[in-house]
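Student: So that we are looking at the same thing, I have put the structure below in structure tokens.
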Amino acid sequence: MHFKTNKMKEEKMKHIVSLTILASTVVAFASPVLAQTVFVSTQLRPIEEATVVRQDLLKDAGKVDYVVEEPPQFAVRMQAEAQAGKHTVSLVGALHGELSPLADKGQLEPLDELAKKLAAGGMPQSVLDLGKLGKPTQQYIPWMQATYVMAAKKEALQYLPKGVDINALTYDQLIEWGKNMQAATGQPQIGFPAGPKGLMARYFQGYFYPSFTGGVVRTFKNADAAAGWEKLKALWAYVTPNSTNYDFMQEPLASGEVMVAWDHVARLKNAISAAPDDYVVFPAPAGPKGRGYMPVLAGLAIPKGAPDTAGAMKVIETLTTEKTQLLTASKVGFFPTLNVQLPPDLDKGVALLAGAVTKTQGSKDAVISLLPVGLGDKGGEFNKVYMDAFQRIVLQNEPVADVLAKQGATMAKLMTDAKAPCWAPDAKSDGACPVQ
């Protein structure tokens with residue numbers, strides 16, 4: 001039975017690769033120009049961002065077919081191509097944690113020579129070292145970085161509790177601010193991207209849990225977590241119910257549906273760039289354990305067996321020039337990995353976002369939470385544990401202890417099945433990260 005299951009999985013993988021190759025062939029025949037370099041990315045997926053990549057960022061990179069993939073499909077595709085030995089992808093762009101499983105399986109080409117060249121050109125060695133993923137050779141080249149921040153309409157500042165420093169906000173102060181805004185306007189004025197394609201799971205993993213528990217996995221169901229969920233329920237009384245429909249917070253901010261929001265910098269950019277004088281941008285709030293924040297680092301890697309290594313190298317070199325890195329910041333709100341000075345004539349909205357990122361990184365109580373590492377194709381299941389807990393505790397008002405016990409068991413099994421060790425801010429583990 002075990003043999004049959006593995007055989008079925010292998011056949012399924014081959015079938016996926018065949019469909020991928022067939023789809024690529026259809027596109028190639030339908031296109032007037034055959035793209036030589038297939039570049040698959042889990043980043044810059046929305047149509048507006050993907051268009052910027054194709055029309056602006058890759059303008060000088062030669063013939064490139066930029067293909068976007070959701071992270072779970074990306075993991076399946078890369079595994080399928082590796083197992084079948086039929087490679088269509090020459091370059092991948094993905095998050096640090098999404099590239100780590102490929103490196104662990106020996107599926108990435110070493111990029112040491114290119115890393116040396118970039119170090120000489122102004123990419124900090126500390127940033128480049130992250131691209132080694134703990135290996136002796138360079139597994140990926142850091143491409144762009146970002147994080148998540150809060151933004152508010154300036155008209156909301158009149159309701160801020162007296163004496164509060166907006167750049168050192170606490171959850172209690174945010175709750176009081178929300179209460180003041182709702183009392184004055186008659187409507188909840190805080191918004192979160194809790195919609196189907198929103199990044200709310202990252203809020204729990206990078207902000208909420210580190211701020212209230214000092215961890216992400218180990219502390220999932222402890223007393224600190226339970227107290228944190230009670231605090232979030234108190235905050236949610238002043239959060240618009242429409243949050244469960246929001247994928248990007250820039251739209252409800254720009255339309256006036258909310259006055260205060262949390263989201264990824266790239267998903268706030270359009271609203272703030274359109275009217276930079278109307279907004280303030282600032283770090284997410286702190287809890288009892290500090291001010292959790294999640295630095296987001298995306299990298300570029302070349303899969304072993306890539307059909308166009310030369311083309312892939314040219315794309316990496318293009319995307320890591322100072323000109324393209326600054327253009328990336330200006331157009332899509334992801335910041336350079338090169339050590340470059342943002343120009344004084346930079347888009348005012350991007351400058352506001354950059355300032356908030358700097359303040360977040362420099363916060364004395366900052367608690368860094370890395371993106372999940374080692375989950376492979378189980379990243380979606382990991383996110384679902386947090387989102388299910390949120391739905392049951394906050395939206396459906398189920399008992400906190402009961403929900404955390406059940407979701408904690410699901411989390412423990414997931415970590416064991418994935419054999420994923422702990423990552424910061426959780427303490428290191430021998431073997432799978434435990435849920436304590």
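Every chain in the structure tokens takes a letter, A first, then B, and so on in the order presented; its residues are numbered from 1, and the ligands are numbered from 1 following the presented order.
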Could you give me, as a count of residues only, the residues within 10 Å of region 93-107 of chain A, counting only C-alpha atoms and dropping anything in the same chain fewer than 3 positions from it?
Tutor: 51
Student: List the spatial neighbours of Val281 (chain A) as a list in words - criterion: any atom at most 6 Å away, only C-alpha atoms, same-chain residues fewer than 2 positions off excluded.
Tutor: Met150, Ala151 and Ala356 of chain A
Student: Write out the residues from the selection above, keeping all heavy atoms, as a compact mmCIF listing (two decimals), in the first residue's frame.
Tutor:
```
# COMPACT_ATOMS: atom_id res chain seq x y z
N MET A 150 1.75 50.34 10.35
CA MET A 150 0.42 50.90 10.48
C MET A 150 0.38 52.27 9.81
O MET A 150 1.39 52.98 9.75
CB MET A 150 0.01 51.01 11.94
CG MET A 150 -0.15 49.65 12.60
SD MET A 150 -1.08 49.71 14.15
CE MET A 150 -2.76 49.91 13.53
N ALA A 151 -0.78 52.62 9.29
CA ALA A 151 -0.98 53.92 8.67
C ALA A 151 -2.29 54.51 9.19
O ALA A 151 -3.23 53.78 9.48
CB ALA A 151 -1.03 53.79 7.15
N ALA A 356 8.77 54.68 8.50
CA ALA A 356 8.13 53.81 9.49
C ALA A 356 8.88 52.50 9.65
O ALA A 356 8.98 51.95 10.75
CB ALA A 356 6.68 53.55 9.10
```
Student: So that I can check the surroundings of Leu342 (chain A), please list as a PDB file with N, CA and C atoms, in the first residue's frame every protein, DNA and RNA residue that reaches within 9 Å of it, counting only C-alpha atoms and ignoring chain neighbours fewer than 4 positions away.
Tutor:
```pdb
ATOM      1  N   LEU A 326      16.101  51.051  -6.770  1.00  0.00           N
ATOM      2  CA  LEU A 326      15.374  52.281  -6.422  1.00  0.00           C
ATOM      3  C   LEU A 326      14.040  52.353  -7.159  1.00  0.00           C
ATOM      4  N   ALA A 329      11.582  50.212  -5.302  1.00  0.00           N
ATOM      5  CA  ALA A 329      11.057  50.917  -4.127  1.00  0.00           C
ATOM      6  C   ALA A 329       9.988  51.920  -4.529  1.00  0.00           C
ATOM      7  N   PRO A 336      15.337  48.451  -1.151  1.00  0.00           N
ATOM      8  CA  PRO A 336      16.581  47.846  -1.658  1.00  0.00           C
ATOM      9  C   PRO A 336      17.277  46.946  -0.650  1.00  0.00           C
ATOM     10  N   LEU A 346      12.420  60.946  -4.052  1.00  0.00           N
ATOM     11  CA  LEU A 346      11.653  59.699  -4.013  1.00  0.00           C
ATOM     12  C   LEU A 346      10.190  60.003  -3.735  1.00  0.00           C
ATOM     13  N   ALA A 351       8.622  57.322   0.834  1.00  0.00           N
ATOM     14  CA  ALA A 351       9.487  57.884   1.874  1.00  0.00           C
ATOM     15  C   ALA A 351       8.833  57.763   3.258  1.00  0.00           C
TER      16      ALA A 351
END
```
Student: Residues within 10 Å of region 385-390 of chain A, please, as a list of chain:residue names. Count only C-alpha atoms; anything in the same chain fewer than 4 positions from it doesn't count.
Tutor: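 Contacts, in chain order: A:Ala194, A:Met200, A:Ala201, A:Arg202, A:Tyr203, A:Phe204, A:Gln205, A:Tyr209, A:Phe220, A:Trp229, A:Leu232, A:Lys233, A:Gly380, A:Glu381, A:Val394, A:Leu395, A:Gln396, A:Asn397, A:Glu398, A:Val400, A:Val403, A:Leu404, A:Lys406, A:Gln407, A:Gly408, A:Ala409, A:Thr410, A:Met411, A:Leu414.
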Student: Any idea what's packed within 12 Å of Phe208 (chain A), counting only C-alpha atoms, ignoring anything in its chain fewer than 2 positions away? Could you give it as number ranges by chain?
Tutor: A: 170-171, 200-206, 210-216, 219-220, 224-232, 235, 262, 284-294, 367-369, 386, 390
Student: Could you give me the residues within region 117-189 of chain A that DSSP places in strand (DSSP E), as a PyMOL selection string?
Tutor: chain A and resi 141-146+148-153
Student: Keeping only C-alpha atoms, take the residues you just selected and write them out as a CSV table (one decimal), in the first residue's frame.
Tutor:
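Result file follows (selection-v1.csv):
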```csv
chain,number,residue,atom,x,y,z
A,141,ILE,CA,20.8,36.6,-3.9
A,142,PRO,CA,18.8,38.9,-1.6
A,143,TRP,CA,16.4,40.8,-4.0
A,144,MET,CA,14.2,43.1,-2.0
A,145,GLN,CA,12.9,43.6,1.5
A,146,ALA,CA,9.9,45.0,3.3
A,148,TYR,CA,4.4,45.6,7.8
A,149,VAL,CA,3.4,48.9,9.4
A,150,MET,CA,0.4,50.9,10.5
A,151,ALA,CA,-1.0,53.9,8.7
A,152,ALA,CA,-3.5,56.5,9.8
A,153,LYS,CA,-5.3,59.4,8.3
```
Student: What's the separation between CA of Thr240 (chain A) and CA of Gly178 (chain A), in Å to one decimal place?
Tutor: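 Going from CA of Thr240 (chain A) over to CA of Gly178 (chain A), I get 10.3 Å.
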Student: When DSSP works through the backbone of this structure, what residues of region 236-312 of chain A end up as alpha helix (DSSP H), shown as an NGL selection string?
Tutor: :A and (236 or 250-255 or 269-274 or 309-312)
Student: Suppose you want the space between CA of Thr324 (chain A) and CA of Asp56 (chain A); what is it in Å?
Tutor: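 The value is 8.6 Å.
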Student: Between A:Arg267, A:Lys384, A:Lys364, A:Lys378, which has the minimum distance to Gly333 (chain A) (counting only C-alpha atoms)?
Tutor: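 Once distances to Gly333 (chain A) are computed over only C-alpha atoms, the minimum belongs to A:Arg267.
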Student: Which residues, written as a PDB file with N, CA and C atoms, in the first residue's frame, have at least one atom at most 12 Å from Ile47 (chain A), with only C-alpha atoms counted and residues fewer than 5 positions away on the same chain left out?
Tutor:
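Result saved to around_25.pdb:
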```
ATOM      1  N   VAL A  52       4.294  46.005 -13.480  1.00  0.00           N
ATOM      2  CA  VAL A  52       5.493  46.824 -13.240  1.00  0.00           C
ATOM      3  C   VAL A  52       6.747  45.987 -13.470  1.00  0.00           C
ATOM      4  N   VAL A  53       6.741  44.747 -12.969  1.00  0.00           N
ATOM      5  CA  VAL A  53       7.904  43.870 -13.157  1.00  0.00           C
ATOM      6  C   VAL A  53       8.177  43.678 -14.640  1.00  0.00           C
ATOM      7  N   ARG A  54       7.125  43.326 -15.392  1.00  0.00           N
ATOM      8  CA  ARG A  54       7.307  43.012 -16.820  1.00  0.00           C
ATOM      9  C   ARG A  54       7.686  44.235 -17.649  1.00  0.00           C
ATOM     10  N   GLN A  55       7.047  45.362 -17.361  1.00  0.00           N
ATOM     11  CA  GLN A  55       7.238  46.538 -18.215  1.00  0.00           C
ATOM     12  C   GLN A  55       8.403  47.424 -17.787  1.00  0.00           C
ATOM     13  N   TYR A  66       7.795  36.272 -17.085  1.00  0.00           N
ATOM     14  CA  TYR A  66       7.573  36.416 -15.642  1.00  0.00           C
ATOM     15  C   TYR A  66       6.261  35.745 -15.273  1.00  0.00           C
ATOM     16  N   VAL A  67       6.359  34.687 -14.461  1.00  0.00           N
ATOM     17  CA  VAL A  67       5.205  33.870 -14.087  1.00  0.00           C
ATOM     18  C   VAL A  67       5.012  33.951 -12.573  1.00  0.00           C
ATOM     19  N   VAL A  68       3.800  34.284 -12.131  1.00  0.00           N
ATOM     20  CA  VAL A  68       3.552  34.364 -10.686  1.00  0.00           C
ATOM     21  C   VAL A  68       2.866  33.089 -10.201  1.00  0.00           C
ATOM     22  N   VAL A 332       6.751  49.727  -6.399  1.00  0.00           N
ATOM     23  CA  VAL A 332       5.970  48.706  -5.688  1.00  0.00           C
ATOM     24  C   VAL A 332       6.164  48.713  -4.179  1.00  0.00           C
TER      25      VAL A 332
END
```
Student: With only C-alpha atoms as the basis for distance, which of A:Leu128, A:Ala237, A:Ala223, A:Val260 is at the shortest distance from Lys179 (chain A)?
Tutor: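 Result for the nearest residue to Lys179 (chain A): A:Ala237.
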